[in-house]
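Asker: One file: target_31.json (JSON, C-alpha atoms).
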```
[["chain", "number", "residue", "atom", "x", "y", "z"],
["A", 494, "MET", "CA", 132.52, 165.78, 120.53],
["A", 495, "LYS", "CA", 129.14, 166.76, 121.90],
["A", 496, "LYS", "CA", 126.35, 164.38, 122.70],
["A", 497, "ARG", "CA", 123.84, 163.48, 119.99],
["A", 498, "PHE", "CA", 120.13, 163.11, 120.79],
["A", 499, "ILE", "CA", 117.84, 160.80, 118.83],
["A", 500, "LEU", "CA", 114.06, 160.93, 119.15],
["A", 501, "ALA", "CA", 112.29, 157.84, 117.83],
["A", 502, "VAL", "CA", 108.54, 157.58, 117.27],
["A", 503, "ASP", "CA", 106.09, 154.76, 116.56],
["A", 504, "PRO", "CA", 103.02, 156.83, 115.63],
["A", 505, "GLY", "CA", 99.46, 155.66, 116.28],
["A", 506, "LYS", "CA", 96.42, 156.02, 118.51],
["A", 507, "LEU", "CA", 98.86, 155.20, 121.29],
["A", 508, "SER", "CA", 102.31, 156.35, 120.13],
["A", 509, "GLY", "CA", 105.60, 154.94, 121.31],
["A", 510, "VAL", "CA", 108.23, 157.63, 121.87],
["A", 511, "CYS", "CA", 111.78, 157.39, 123.19],
["A", 512, "LEU", "CA", 114.90, 159.51, 123.46],
["A", 513, "PHE", "CA", 118.45, 158.25, 123.13],
["A", 514, "SER", "CA", 121.69, 160.11, 123.67],
["A", 515, "ILE", "CA", 125.06, 158.95, 122.40],
["A", 516, "GLU", "CA", 128.63, 160.17, 122.46],
["A", 517, "THR", "CA", 131.29, 158.96, 120.03],
["A", 518, "GLY", "CA", 132.82, 155.70, 121.21],
["A", 519, "HIS", "CA", 130.10, 155.02, 123.76],
["A", 520, "GLU", "CA", 126.95, 152.94, 123.84],
["A", 521, "PRO", "CA", 123.66, 154.77, 123.34],
["A", 522, "GLU", "CA", 121.86, 155.72, 126.52],
["A", 523, "LEU", "CA", 118.09, 155.32, 126.57],
["A", 524, "LEU", "CA", 117.08, 158.46, 128.46],
["A", 525, "TRP", "CA", 113.37, 157.64, 128.53],
["A", 526, "SER", "CA", 110.62, 155.78, 126.72],
["A", 527, "GLY", "CA", 106.86, 155.73, 126.95],
["A", 528, "GLU", "CA", 103.49, 155.43, 125.29],
["A", 529, "TYR", "CA", 101.37, 158.53, 124.76],
["A", 530, "ASP", "CA", 97.81, 159.04, 123.58],
["A", 531, "GLU", "CA", 96.99, 161.69, 121.03],
["A", 532, "SER", "CA", 96.28, 164.37, 123.65],
["A", 533, "ASN", "CA", 99.71, 163.92, 125.31],
["A", 534, "PHE", "CA", 101.88, 163.10, 122.29],
["A", 535, "ALA", "CA", 103.35, 166.60, 121.89],
["A", 536, "VAL", "CA", 104.67, 166.69, 125.47],
["A", 537, "PRO", "CA", 107.56, 164.20, 125.06],
["A", 538, "VAL", "CA", 108.41, 165.55, 121.60],
["A", 539, "ARG", "CA", 108.77, 169.07, 123.01],
["A", 540, "GLU", "CA", 110.77, 167.65, 125.93],
["A", 541, "ALA", "CA", 113.19, 165.96, 123.51],
["A", 542, "ILE", "CA", 113.61, 169.17, 121.49],
["A", 543, "MET", "CA", 114.40, 171.10, 124.69],
["A", 544, "GLU", "CA", 116.84, 168.40, 125.88],
["A", 545, "ALA", "CA", 118.79, 168.56, 122.61],
["A", 546, "ASP", "CA", 118.74, 172.35, 122.62],
["A", 547, "LEU", "CA", 120.10, 172.46, 126.19],
["A", 548, "GLY", "CA", 122.81, 170.01, 125.14],
["A", 549, "GLY", "CA", 123.76, 172.24, 122.21],
["A", 550, "SER", "CA", 122.74, 169.59, 119.67],
["A", 551, "VAL", "CA", 120.29, 169.23, 116.85],
["A", 552, "LEU", "CA", 117.68, 166.60, 117.65],
["A", 553, "GLU", "CA", 117.79, 163.76, 115.14],
["A", 554, "VAL", "CA", 114.35, 162.26, 114.49],
["A", 555, "ALA", "CA", 113.43, 158.74, 113.35],
["A", 556, "CYS", "CA", 109.82, 157.73, 112.77],
["A", 557, "GLU", "CA", 108.12, 154.58, 111.60],
["A", 558, "ARG", "CA", 106.95, 154.97, 108.01],
["A", 559, "PHE", "CA", 103.19, 154.67, 107.76],
["A", 560, "THR", "CA", 101.74, 153.86, 104.37],
["A", 561, "ILE", "CA", 98.03, 153.60, 103.68],
["A", 562, "THR", "CA", 97.23, 150.51, 101.66],
["A", 563, "ALA", "CA", 93.97, 148.84, 100.63],
["A", 564, "GLN", "CA", 94.34, 146.61, 103.71],
["A", 565, "THR", "CA", 94.79, 149.66, 105.96],
["A", 566, "ALA", "CA", 91.52, 151.09, 104.66],
["A", 567, "LYS", "CA", 89.74, 147.77, 105.33],
["A", 568, "ASN", "CA", 91.11, 147.54, 108.88],
["A", 569, "SER", "CA", 90.27, 151.04, 110.06],
["A", 570, "GLN", "CA", 89.38, 154.52, 108.92],
["A", 571, "ALA", "CA", 91.16, 155.97, 111.96],
["A", 572, "PRO", "CA", 93.93, 158.29, 110.75],
["A", 573, "TYR", "CA", 95.85, 158.30, 114.06],
["A", 574, "SER", "CA", 99.30, 157.48, 112.70],
["A", 575, "LEU", "CA", 99.15, 160.12, 109.98],
["A", 576, "GLU", "CA", 97.79, 162.69, 112.42],
["A", 577, "GLN", "CA", 100.64, 162.05, 114.87],
["A", 578, "ILE", "CA", 103.19, 162.32, 112.06],
["A", 579, "GLY", "CA", 101.60, 165.68, 111.20],
["A", 580, "VAL", "CA", 101.95, 166.82, 114.82],
["A", 581, "LEU", "CA", 105.58, 165.65, 114.82],
["A", 582, "LYS", "CA", 106.30, 167.57, 111.59],
["A", 583, "HIS", "CA", 104.69, 170.69, 113.02],
["A", 584, "LEU", "CA", 106.73, 170.53, 116.24],
["A", 585, "ILE", "CA", 109.93, 170.07, 114.22],
["A", 586, "ARG", "CA", 109.06, 173.14, 112.13],
["A", 587, "GLU", "CA", 108.38, 175.08, 115.33],
["A", 588, "SER", "CA", 111.80, 174.10, 116.71],
["A", 589, "ASN", "CA", 113.54, 176.57, 114.34],
["A", 590, "GLY", "CA", 116.38, 174.20, 113.50],
["A", 591, "THR", "CA", 116.71, 172.47, 116.87],
["A", 592, "ALA", "CA", 115.28, 169.31, 115.27],
["A", 593, "SER", "CA", 116.36, 167.80, 111.96],
["A", 594, "PRO", "CA", 113.95, 166.56, 109.29],
["A", 595, "ILE", "CA", 112.29, 163.22, 110.02],
["A", 596, "VAL", "CA", 113.96, 160.04, 108.78],
["A", 597, "TYR", "CA", 111.27, 157.45, 108.01],
["A", 598, "GLN", "CA", 111.98, 153.77, 108.51],
["A", 599, "GLY", "CA", 110.06, 150.60, 107.75],
["A", 600, "PRO", "CA", 108.54, 148.68, 110.67],
["A", 601, "VAL", "CA", 109.76, 145.37, 109.27],
["A", 602, "ASP", "CA", 113.38, 146.60, 109.14],
["A", 603, "ALA", "CA", 113.30, 147.68, 112.79],
["A", 604, "LYS", "CA", 111.69, 144.45, 114.02],
["A", 605, "ARG", "CA", 113.98, 142.26, 111.93],
["A", 606, "LEU", "CA", 117.18, 143.90, 113.18],
["A", 607, "PHE", "CA", 116.03, 144.35, 116.78],
["A", 608, "PRO", "CA", 113.59, 141.60, 117.83],
["A", 609, "ASN", "CA", 112.61, 141.32, 121.49],
["A", 610, "ASP", "CA", 115.57, 139.06, 122.33],
["A", 611, "ALA", "CA", 117.99, 141.65, 120.96],
["A", 612, "LEU", "CA", 116.35, 144.47, 122.94],
["A", 613, "LYS", "CA", 116.66, 142.40, 126.11],
["A", 614, "LYS", "CA", 120.30, 141.51, 125.43],
["A", 615, "LEU", "CA", 121.12, 145.16, 124.76],
["A", 616, "ASP", "CA", 119.22, 146.11, 127.93],
["A", 617, "TYR", "CA", 116.89, 148.52, 126.13],
["A", 618, "TRP", "CA", 113.66, 147.01, 127.37],
["A", 619, "HIS", "CA", 110.57, 149.07, 128.18],
["A", 620, "ARG", "CA", 108.34, 147.47, 130.80],
["A", 621, "GLY", "CA", 104.58, 147.85, 130.55],
["A", 622, "GLY", "CA", 102.38, 149.30, 127.88],
["A", 623, "GLU", "CA", 101.22, 147.72, 124.66],
["A", 624, "GLY", "CA", 104.58, 147.38, 122.89],
["A", 625, "HIS", "CA", 104.58, 150.76, 121.15],
["A", 626, "ALA", "CA", 107.45, 152.08, 123.29],
["A", 627, "LEU", "CA", 109.45, 148.98, 122.32],
["A", 628, "ASP", "CA", 108.76, 149.73, 118.66],
["A", 629, "ALA", "CA", 110.01, 153.30, 119.17],
["A", 630, "ILE", "CA", 113.18, 151.89, 120.80],
["A", 631, "ARG", "CA", 113.67, 149.58, 117.79],
["A", 632, "HIS", "CA", 113.43, 152.59, 115.47],
["A", 633, "GLY", "CA", 115.92, 154.54, 117.56],
["A", 634, "LEU", "CA", 118.39, 151.65, 117.47],
["A", 635, "LEU", "CA", 117.86, 151.10, 113.73],
["A", 636, "TYR", "CA", 118.56, 154.78, 113.11],
["A", 637, "LEU", "CA", 121.70, 154.60, 115.25],
["A", 638, "ALA", "CA", 122.88, 151.45, 113.45],
["A", 639, "LYS", "CA", 122.37, 153.16, 110.08],
["A", 640, "HIS", "CA", 124.39, 156.14, 111.33],
["A", 641, "GLY", "CA", 127.55, 154.51, 112.62],
["A", 642, "TRP", "CA", 126.71, 152.68, 115.86],
["A", 643, "THR", "CA", 127.58, 148.98, 116.03],
["A", 644, "PRO", "CA", 125.54, 146.96, 118.55],
["A", 645, "ARG", "CA", 128.61, 145.10, 119.85],
["A", 646, "ARG", "CA", 126.74, 143.39, 122.69],
["A", 647, "LEU", "CA", 124.71, 141.49, 120.08],
["A", 648, "LEU", "CA", 127.92, 140.14, 118.58],
["A", 649, "GLN", "CA", 129.13, 138.62, 121.87]]
```
Show me this structure written as structure tokens.
Answerer:
Amino acid sequence: MKKRFILAVDPGKLSGVCLFSIETGHEPELLWSGEYDESNFAVPVREAIMEADLGGSVLEVACERFTITAQTAKNSQAPYSLEQIGVLKHLIRESNGTASPIVYQGPVDAKRLFPNDALKKLDYWHRGGEGHALDAIRHGLLYLAKHGWTPRRLLQ
């Protein structure tokens, strides 16, 4: 079975982005993670699309769900998260089938299932930054857990 590639995104003014690969029966490999401002956000997304394409796979995409609430409007009028989701959607459309539609996930679900201690135990820790790369990693792992991967190291 060929390798699967999972791009996970925590959209915002500074977006967390990471890429996992996984083969059946193996642990996911965190290929890279980082935090990108709005002017550089498209670069890692395009890189992930190319990586999956070279591997002969369709890129699976998980993204934190961003919902505007009354509290969101009080906190800030900055539309960064929605803008980055729009860029992500556009790049997926441009990929001509190399990337699958986005799967949106709640931030609470990702943090609840993969708190910092779990990320450290699983050895999927991103050093530096403001925590957005860690949130992207959480979303990647949540997506993987929802699609058949069991984090066995957490059970030990």
Asker: Find the spatial neighbours of range 613-625 of chain A, counting only C-alpha atoms, within a cut-off of 6 Å - ignore same-chain residues fewer than 3 positions away - and output them as a short mmCIF file (atom, residue, chain, number, x, y, z; two decimals) with C-alpha atoms, in the coordinates of the input.
Answerer:
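Done, and the output landed in selection18.cif:
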```cif
data_model
loop_
_atom_site.label_atom_id
_atom_site.label_comp_id
_atom_site.auth_asym_id
_atom_site.auth_seq_id
_atom_site.Cartn_x
_atom_site.Cartn_y
_atom_site.Cartn_z
CA GLY A 509 105.60 154.94 121.31
CA ASP A 610 115.57 139.06 122.33
CA ASP A 628 108.76 149.73 118.66
#
```
Asker: Taking into account all atoms listed in the file, which residue in the set A:Gln577, A:Thr643, A:Asn589, A:Ser550 is nearest to Gly505 in chain A?
Answerer: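 Of all the options, A:Gln577 lies closest to Gly505 in chain A.
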Asker: Go ahead and compute the interatomic distance for CA of Arg631 in chain A and CA of Ile499 in chain A, in Å to one decimal.
Answerer: 12.0 Å
Asker: Using all atoms listed in the file, which protein or nucleic acid residues come within 6 Å of range 516-530 of chain A? Drop anything in the same chain fewer than 5 positions from it, and give the result as a short mmCIF file (atom, residue, chain, number, x, y, z; two decimals) with C-alpha atoms, in the frame of the given file.
Answerer:
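Everything below was put into selection12.cif:
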```cif
data_model
loop_
_atom_site.label_atom_id
_atom_site.label_comp_id
_atom_site.auth_asym_id
_atom_site.auth_seq_id
_atom_site.Cartn_x
_atom_site.Cartn_y
_atom_site.Cartn_z
CA LYS A 496 126.35 164.38 122.70
CA LEU A 507 98.86 155.20 121.29
CA SER A 508 102.31 156.35 120.13
CA GLY A 509 105.60 154.94 121.31
CA VAL A 510 108.23 157.63 121.87
CA CYS A 511 111.78 157.39 123.19
CA ALA A 626 107.45 152.08 123.29
#
```
Asker: Have a look at A:Val551, A:Ile630, A:Ser514, A:Arg605 and name the one nearest to Gly590 in chain A; count only C-alpha atoms.
Answerer: A:Val551
Asker: Using all atoms listed in the file, find the one residue out of A:Gln649, A:Gln598, A:Asn609, A:Thr591 that sits nearest to Val538 in chain A.
Answerer: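 Closest to Val538 in chain A of all the choices is A:Thr591.
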Asker: Could you please determine the separation between CA of Pro572 in chain A and CA of Leu634 in chain A in Å, to one decimal place?
Answerer: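 Value for the CA of Pro572 in chain A-CA of Leu634 in chain A distance: 26.2 Å.
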Asker: So what do you get for CA of Gly633 in chain A versus CA of Leu575 in chain A, distance-wise?
Answerer: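 Separation of CA of Gly633 in chain A and CA of Leu575 in chain A: 19.2 Å.
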Asker: Using only C-alpha atoms, find the one residue out of A:Ile578, A:Leu547, A:Val502, A:Cys556 that sits nearest to Gly599 in chain A.
Answerer: A:Cys556
Asker: Using all atoms listed in the file, pick whichever of A:Leu584, A:Val596, A:Ala555, A:Ile515 has the shortest atom-to-atom distance to Ala629 in chain A.
Answerer: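 Nearest to Ala629 in chain A: A:Ala555.
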Asker: Compare A:Leu627, A:Val554, A:Leu612, A:Ala501 by their minimum atom-to-atom distance to Leu647 in chain A, counting all atoms listed in the file, and give me the closest one.
Answerer: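 Closest to Leu647 in chain A, using all atoms listed in the file: A:Leu612.
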Asker: Starting from the incomplete input, reconstruct N, CA and C atoms of range 637-649 of chain A and write that as a PDB file, in the coordinates of the input.
Answerer:
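What follows is the written file result-v8.pdb:
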```pdb
ATOM      1  N   LEU A 637     120.315 154.547 114.773  1.00  0.00           N
ATOM      2  CA  LEU A 637     121.700 154.600 115.250  1.00  0.00           C
ATOM      3  C   LEU A 637     122.598 153.640 114.470  1.00  0.00           C
ATOM      4  N   ALA A 638     122.091 152.435 114.197  1.00  0.00           N
ATOM      5  CA  ALA A 638     122.880 151.450 113.450  1.00  0.00           C
ATOM      6  C   ALA A 638     123.150 151.933 112.021  1.00  0.00           C
ATOM      7  N   LYS A 639     122.187 152.614 111.432  1.00  0.00           N
ATOM      8  CA  LYS A 639     122.370 153.160 110.080  1.00  0.00           C
ATOM      9  C   LYS A 639     123.326 154.348 110.061  1.00  0.00           C
ATOM     10  N   HIS A 640     123.564 154.935 111.234  1.00  0.00           N
ATOM     11  CA  HIS A 640     124.390 156.140 111.330  1.00  0.00           C
ATOM     12  C   HIS A 640     125.638 155.928 112.180  1.00  0.00           C
ATOM     13  N   GLY A 641     126.217 154.726 112.072  1.00  0.00           N
ATOM     14  CA  GLY A 641     127.550 154.510 112.620  1.00  0.00           C
ATOM     15  C   GLY A 641     127.683 153.710 113.890  1.00  0.00           C
ATOM     16  N   TRP A 642     126.604 153.460 114.619  1.00  0.00           N
ATOM     17  CA  TRP A 642     126.710 152.680 115.860  1.00  0.00           C
ATOM     18  C   TRP A 642     126.671 151.190 115.544  1.00  0.00           C
ATOM     19  N   THR A 643     127.561 150.428 116.159  1.00  0.00           N
ATOM     20  CA  THR A 643     127.580 148.980 116.030  1.00  0.00           C
ATOM     21  C   THR A 643     127.104 148.370 117.350  1.00  0.00           C
ATOM     22  N   PRO A 644     126.032 147.588 117.314  1.00  0.00           N
ATOM     23  CA  PRO A 644     125.540 146.960 118.550  1.00  0.00           C
ATOM     24  C   PRO A 644     126.430 145.795 118.964  1.00  0.00           C
ATOM     25  N   ARG A 645     127.586 146.111 119.536  1.00  0.00           N
ATOM     26  CA  ARG A 645     128.610 145.100 119.850  1.00  0.00           C
ATOM     27  C   ARG A 645     128.116 144.024 120.811  1.00  0.00           C
ATOM     28  N   ARG A 646     127.232 144.386 121.731  1.00  0.00           N
ATOM     29  CA  ARG A 646     126.740 143.390 122.690  1.00  0.00           C
ATOM     30  C   ARG A 646     125.945 142.273 121.997  1.00  0.00           C
ATOM     31  N   LEU A 647     125.414 142.531 120.818  1.00  0.00           N
ATOM     32  CA  LEU A 647     124.710 141.490 120.080  1.00  0.00           C
ATOM     33  C   LEU A 647     125.699 140.512 119.442  1.00  0.00           C
ATOM     34  N   LEU A 648     126.918 140.961 119.235  1.00  0.00           N
ATOM     35  CA  LEU A 648     127.920 140.140 118.580  1.00  0.00           C
ATOM     36  C   LEU A 648     128.649 139.214 119.562  1.00  0.00           C
ATOM     37  N   GLN A 649     128.436 139.415 120.840  1.00  0.00           N
ATOM     38  CA  GLN A 649     129.130 138.620 121.870  1.00  0.00           C
ATOM     39  C   GLN A 649     128.457 137.291 122.078  1.00  0.00           C
TER      40      GLN A 649
END
```
